[in-house]
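What follows is a set of notes on a single structure, which appears directly below.
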Amino acid sequence: MKPLPIKIQDVHRKHRYGIVVHSFTDLLQKGRAKLQLDSVDTVHRDADIRICLEDDGAVVSDEHFLQDLPSHSVLVFLLPGQEWTGYWSYVMTAFDQVKKIHPLYQVQQRIESLNITKDSAKLSAISTFMASLDHRREADSRKDDPAWFADLPKTVVSKEQVMVNGAKSRVRGYFYGARKLVKQSVPSATYTTVFEPIFNKFLSALQKDDFFGSLFGRKAPKNLRLCDEDGWFSCEGPFDAALCVLYHLICPYDNKEARIVFSTWNLDHQIEKSRQIVPGLINAVLKKPPKAELNWRYFYELLFTKLNLRLVHIVCHKKSEHSSKVVSPEHFYKKEVKKVKKMEKEKKVTEAKPQEPEKTLQGKGKTTTTAPSDPGMARVTRSSNRSRT
């Protein structure tokens with residue numbers, strides 16, 4: 001290949017060098033030497049080193065790819081365990097530093113310490129996060145951040161209270177929405193006698209779980225909330241994706257505007273409430289075997305908990321049918337019913353088994369009666385003496 005001027009750097013962006021390479025092997029050798037990837041104790045194999053494009057994270061794995069790159073492209077050398085996602089790696093690093101900065105005059109100094117070149121794409125991406133710096137995130141009371149509460153009733157005095165109540169309101173909405181769907185789908189008498197007790201159980205459990213207000217509370221235990229300890233929420237991506245590839249982030253604790261925007265984010269049921277959960281509940285109740293016990297907890301978790309709820313930015317909220325996410329009939333009833341069914345099946349098999357007639361064996365001086373060949377029956381023998389003539 002023709003000589004190619006290229007720029008190389010390590011994942012931490014502490015070092016950047018300009019080199020000219022003549023092959024992919026030449027790139028590897030010069031890169032590991034310039035960036036000092038090997039140490040006295042550790043010498044990495046070529047296969048352990050990955051090379052990615054700085055801008056989009058694409059892996060440069062061979063000479064064909066390398067020779068098609070424009071001159072002065074920037075390549076990032078990665079060792080095992082290191083990751084690079086393109087410009088977003090700069091953004092996320094900046095974000096991690098910026099979100100904890102206090103006081104704010106340190107922001108410029110911190111950003112400059114990242115050694116980011118004057119690239120418009122990088123700076124534009126970072127500006128998204130910089131815009132959130134006009135905040136009093138750490139404040140919680142109305143007294144400390146009155147602007148955040150500008151459009152709220154004066155009785156509300158805590159950000160945490162507002163966010164927790166917001167989560168509760170959404171969960172209550174799921175309860176009343178599900179109940180309404182059932183009422184519309186079955187006769188009134190059926191709802192009263194069969195479904196109302198189930199929804200009473202739902203309501204009692206929700207009250208014990210405080211309607212899952214902890215989902216939005218930054219002071220809640222880590223395993224119960226959807227945000228970090230600073231109040232940052234991350235979009236979890238569409239129902240058919242593992243994560244959000246657009247890196248949607250928001251901190252509604254920042255300011256009034258962020259709080260209002262957060263209200264447009266959705267708590268999306270991966271297994272849909274109206275298309276799957278409610279019809280599944282109705283089907284499970286109306287077709288319940290006589291000795292089965294409904295596993296109402298299964299439907300409760302699908303309707304109201306993090307097991308099935310996914311926080312998504314409005315852009316990632318797909319309103320199409322979630323055809324790949326369906327309820328599981330094997331979870332409709334409590335496991336004990338499987339034992340009952342097994343016992344009933346075994347009983348039917350035993351009752352259906354034909355019995356052999358009794359056989360009489362005659363011999364001199366005695367008569368022996370043999371019971372049907374059932375291993376559980378004992379042989380009964382009766383002997384009697386006959387008089388000789």
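Going by the structure tokens order, chains are called A, B, ..., each with residues numbered from 1, while ligands are numbered from 1 in the order shown.
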* Asked: Contacts of Tyr191 (chain A) at 12 Å or less, counting only C-alpha atoms, minus same-chain residues fewer than 3 places along, as JSON, numbers by chain?
  -> {"A": [179, 180, 181, 182, 183, 184, 185, 186, 187, 188, 194, 195, 196, 197, 198, 199, 200, 282, 285, 286]}
Next on the checklist: Residues near Val76 (chain A), anyone? I mean within 8 Å using only C-alpha atoms, not counting same-chain ones fewer than 6 positions away, as a list in words.
Outcome noted: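 Listed by chain and then number, they are Ile8, Gln9, Asp10, Val11, Ile51, Cys52, Leu53, Glu54 and Trp84 of chain A.
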Would you work out the distance separating CA of Ala258 (chain A) from CA of Gly173 (chain A), expressed in Å to one decimal?
->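 If I compute the distance from CA of Ala258 (chain A) to CA of Gly173 (chain A), I get 22.5 Å.
Closest to Ile49 (chain A) among A:Gln82, A:Asn266, A:Asn295, A:Ser324 is A:Gln82, based on only C-alpha atoms.
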Mind checking which residues fall within 12 Å of Arg32 (chain A), counting only C-alpha atoms, ignoring those fewer than 6 positions away in the same chain, and posting them as a ChimeraX atom specification? /A:8-10,17,25-26,38-39,43-46,48-51,76-79
I need the chosen residues saved as a PDB file, in the first residue's frame, with N, CA and C atoms.
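Dumped to result-v7.pdb:
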```pdb
ATOM      1  N   ILE A   8      -2.252   8.550  15.757  1.00  0.00           N
ATOM      2  CA  ILE A   8      -2.607   7.489  16.693  1.00  0.00           C
ATOM      3  C   ILE A   8      -2.665   8.045  18.111  1.00  0.00           C
ATOM      4  N   GLN A   9      -3.508   7.420  18.945  1.00  0.00           N
ATOM      5  CA  GLN A   9      -3.614   7.835  20.342  1.00  0.00           C
ATOM      6  C   GLN A   9      -4.057   6.647  21.184  1.00  0.00           C
ATOM      7  N   ASP A  10      -3.870   6.747  22.504  1.00  0.00           N
ATOM      8  CA  ASP A  10      -4.349   5.703  23.398  1.00  0.00           C
ATOM      9  C   ASP A  10      -5.766   6.037  23.843  1.00  0.00           C
ATOM     10  N   TYR A  17       0.203  10.877  18.407  1.00  0.00           N
ATOM     11  CA  TYR A  17       1.390  10.988  17.549  1.00  0.00           C
ATOM     12  C   TYR A  17       0.979  10.907  16.080  1.00  0.00           C
ATOM     13  N   THR A  25       0.642  -4.234   9.464  1.00  0.00           N
ATOM     14  CA  THR A  25       1.655  -4.720  10.408  1.00  0.00           C
ATOM     15  C   THR A  25       2.550  -3.579  10.879  1.00  0.00           C
ATOM     16  N   ASP A  26       2.889  -2.698   9.955  1.00  0.00           N
ATOM     17  CA  ASP A  26       3.709  -1.533  10.289  1.00  0.00           C
ATOM     18  C   ASP A  26       2.969  -0.633  11.280  1.00  0.00           C
ATOM     19  N   ASP A  38       3.291  -1.916  25.662  1.00  0.00           N
ATOM     20  CA  ASP A  38       3.891  -3.030  26.392  1.00  0.00           C
ATOM     21  C   ASP A  38       4.709  -2.514  27.570  1.00  0.00           C
ATOM     22  N   SER A  39       4.840  -3.338  28.576  1.00  0.00           N
ATOM     23  CA  SER A  39       5.647  -3.003  29.741  1.00  0.00           C
ATOM     24  C   SER A  39       6.646  -4.127  29.991  1.00  0.00           C
ATOM     25  N   VAL A  43       3.677  -8.110  27.785  1.00  0.00           N
ATOM     26  CA  VAL A  43       3.846  -7.914  26.350  1.00  0.00           C
ATOM     27  C   VAL A  43       2.596  -8.465  25.678  1.00  0.00           C
ATOM     28  N   HIS A  44       1.840  -7.576  25.049  1.00  0.00           N
ATOM     29  CA  HIS A  44       0.573  -7.966  24.449  1.00  0.00           C
ATOM     30  C   HIS A  44       0.788  -8.598  23.070  1.00  0.00           C
ATOM     31  N   ARG A  45      -0.001  -9.602  22.784  1.00  0.00           N
ATOM     32  CA  ARG A  45       0.010 -10.182  21.444  1.00  0.00           C
ATOM     33  C   ARG A  45      -0.659  -9.208  20.473  1.00  0.00           C
ATOM     34  N   ASP A  46      -0.314  -9.314  19.205  1.00  0.00           N
ATOM     35  CA  ASP A  46      -0.969  -8.466  18.208  1.00  0.00           C
ATOM     36  C   ASP A  46      -2.477  -8.681  18.223  1.00  0.00           C
ATOM     37  N   ASP A  48      -4.340  -9.186  20.643  1.00  0.00           N
ATOM     38  CA  ASP A  48      -4.977  -8.567  21.808  1.00  0.00           C
ATOM     39  C   ASP A  48      -5.218  -7.068  21.621  1.00  0.00           C
ATOM     40  N   ILE A  49      -4.590  -6.507  20.595  1.00  0.00           N
ATOM     41  CA  ILE A  49      -4.689  -5.066  20.371  1.00  0.00           C
ATOM     42  C   ILE A  49      -5.749  -4.780  19.305  1.00  0.00           C
ATOM     43  N   ARG A  50      -6.703  -3.931  19.648  1.00  0.00           N
ATOM     44  CA  ARG A  50      -7.710  -3.503  18.672  1.00  0.00           C
ATOM     45  C   ARG A  50      -7.450  -2.043  18.296  1.00  0.00           C
ATOM     46  N   ILE A  51      -7.727  -1.734  17.039  1.00  0.00           N
ATOM     47  CA  ILE A  51      -7.535  -0.367  16.533  1.00  0.00           C
ATOM     48  C   ILE A  51      -8.870   0.126  15.996  1.00  0.00           C
ATOM     49  N   VAL A  76      -7.459   4.937  17.378  1.00  0.00           N
ATOM     50  CA  VAL A  76      -7.330   4.717  18.823  1.00  0.00           C
ATOM     51  C   VAL A  76      -6.909   3.266  19.058  1.00  0.00           C
ATOM     52  N   PHE A  77      -5.829   3.074  19.804  1.00  0.00           N
ATOM     53  CA  PHE A  77      -5.341   1.733  20.130  1.00  0.00           C
ATOM     54  C   PHE A  77      -5.950   1.285  21.459  1.00  0.00           C
ATOM     55  N   LEU A  78      -6.529   0.091  21.451  1.00  0.00           N
ATOM     56  CA  LEU A  78      -7.212  -0.429  22.640  1.00  0.00           C
ATOM     57  C   LEU A  78      -6.584  -1.738  23.094  1.00  0.00           C
ATOM     58  N   LEU A  79      -6.427  -1.863  24.396  1.00  0.00           N
ATOM     59  CA  LEU A  79      -5.941  -3.095  24.999  1.00  0.00           C
ATOM     60  C   LEU A  79      -7.134  -3.893  25.533  1.00  0.00           C
TER      61      LEU A  79
END
```
Correct to one decimal, the distance CA of Met1 (chain A)-CA of His15 (chain A) is 26.3 Å
